[in-house]
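A.B. asks: First the structure, then my questions, so here it is.
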Amino acid sequence: MSDYNWCHNPSCHTIETQSRVRGSGDNKVLRTRKISLSNEYIRDSIHAYFCNQNCLHSFLNKFKDEVANLNPTPKPKETPIKVKKEKYESYRYNWNSNERQPYMATRTTIVSGNNE
Ligand SMILES: [Zn+2]
């Protein structure tokens with residue numbers, strides 16, 4: 001395994017920054033950025049393939065249909081859950097009488113789902 005990747009944004013080498021300038025004299029070029037994989041967080045994340053957010057999102061915009069087709073989603077998925085509804089006393093402001101007025105509000109809480 002090599003200890004670096006080249007940025008996968010096909011336009012990385014066209015972005016004008018000092019960090020991309022390589023070569024000497026009149027033979028200068030803008031080069032695709034190299035990404036060090038020495039950091040575990042980088043290795044285990046999307047940033048192993050893209051040098052920054054701009055390159056990641058340029059890639060995603062350019063290949064949006066291909067990326068979406070990696071995981072076709074023709075219909076929504078559902079996660080079974082249990083919901084707890086409870087009534088509690090809350091207050092709302094009455095602008096006519098300029099005072100807080102109590103009322104019974106309802107709080108809905110998901111008590112179990114996918115990650116119970
Ligand atoms: Zn890049």
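In the structure tokens, the first chain shown is A, the next is B, and so on; residue numbers restart at 1 for each chain, and ligands run from 1 in the order shown.
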If you run DSSP on the backbone here, which positions in chain A get helix (DSSP H, G or I)? Please write them as number ranges by chain.

C.D. replies: A: 12-14, 18-20, 40-43, 46-48, 53-62, 64-69

A.B. asks: Kindly work out which residues sit at most 8 Å from ligand 1, using only C-alpha atoms and all ligand atoms, and give the list as a list in words.

C.D. replies: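 Checked against 8 Å with only C-alpha atoms and all ligand atoms; the hits are Trp6, Cys7, His8, Asn9, Ser11, Cys12, His13, Thr32, Arg33, Phe50, Cys51, Asn52, Asn54, Cys55 and Leu56 of chain A.
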
A.B. asks: Quick one: residues within 8 Å of Ala105 in chain A, only C-alpha atoms counted, chain neighbours fewer than 4 positions away excluded, as a ChimeraX atom specification?

C.D. replies: /A:87-90

A.B. asks: Can you list, as JSON, numbers by chain, every residue of range 21-113 of chain A that DSSP puts in strand (DSSP E or B)?

C.D. replies: {"A": [21, 22, 29, 30, 34, 35, 36, 82, 83, 84, 85, 86, 87, 88, 89, 90, 91, 92, 93, 94, 99, 100, 101, 102, 103, 104, 105, 106, 107, 108, 109, 110, 111, 112]}

A.B. asks: Rank nothing, just name the residue among A:Glu86, A:Asp3, A:Glu78, A:Asp26 nearest to Thr109 in chain A, using only C-alpha atoms.

C.D. replies: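 Of all the options, A:Glu86 lies closest to Thr109 in chain A.
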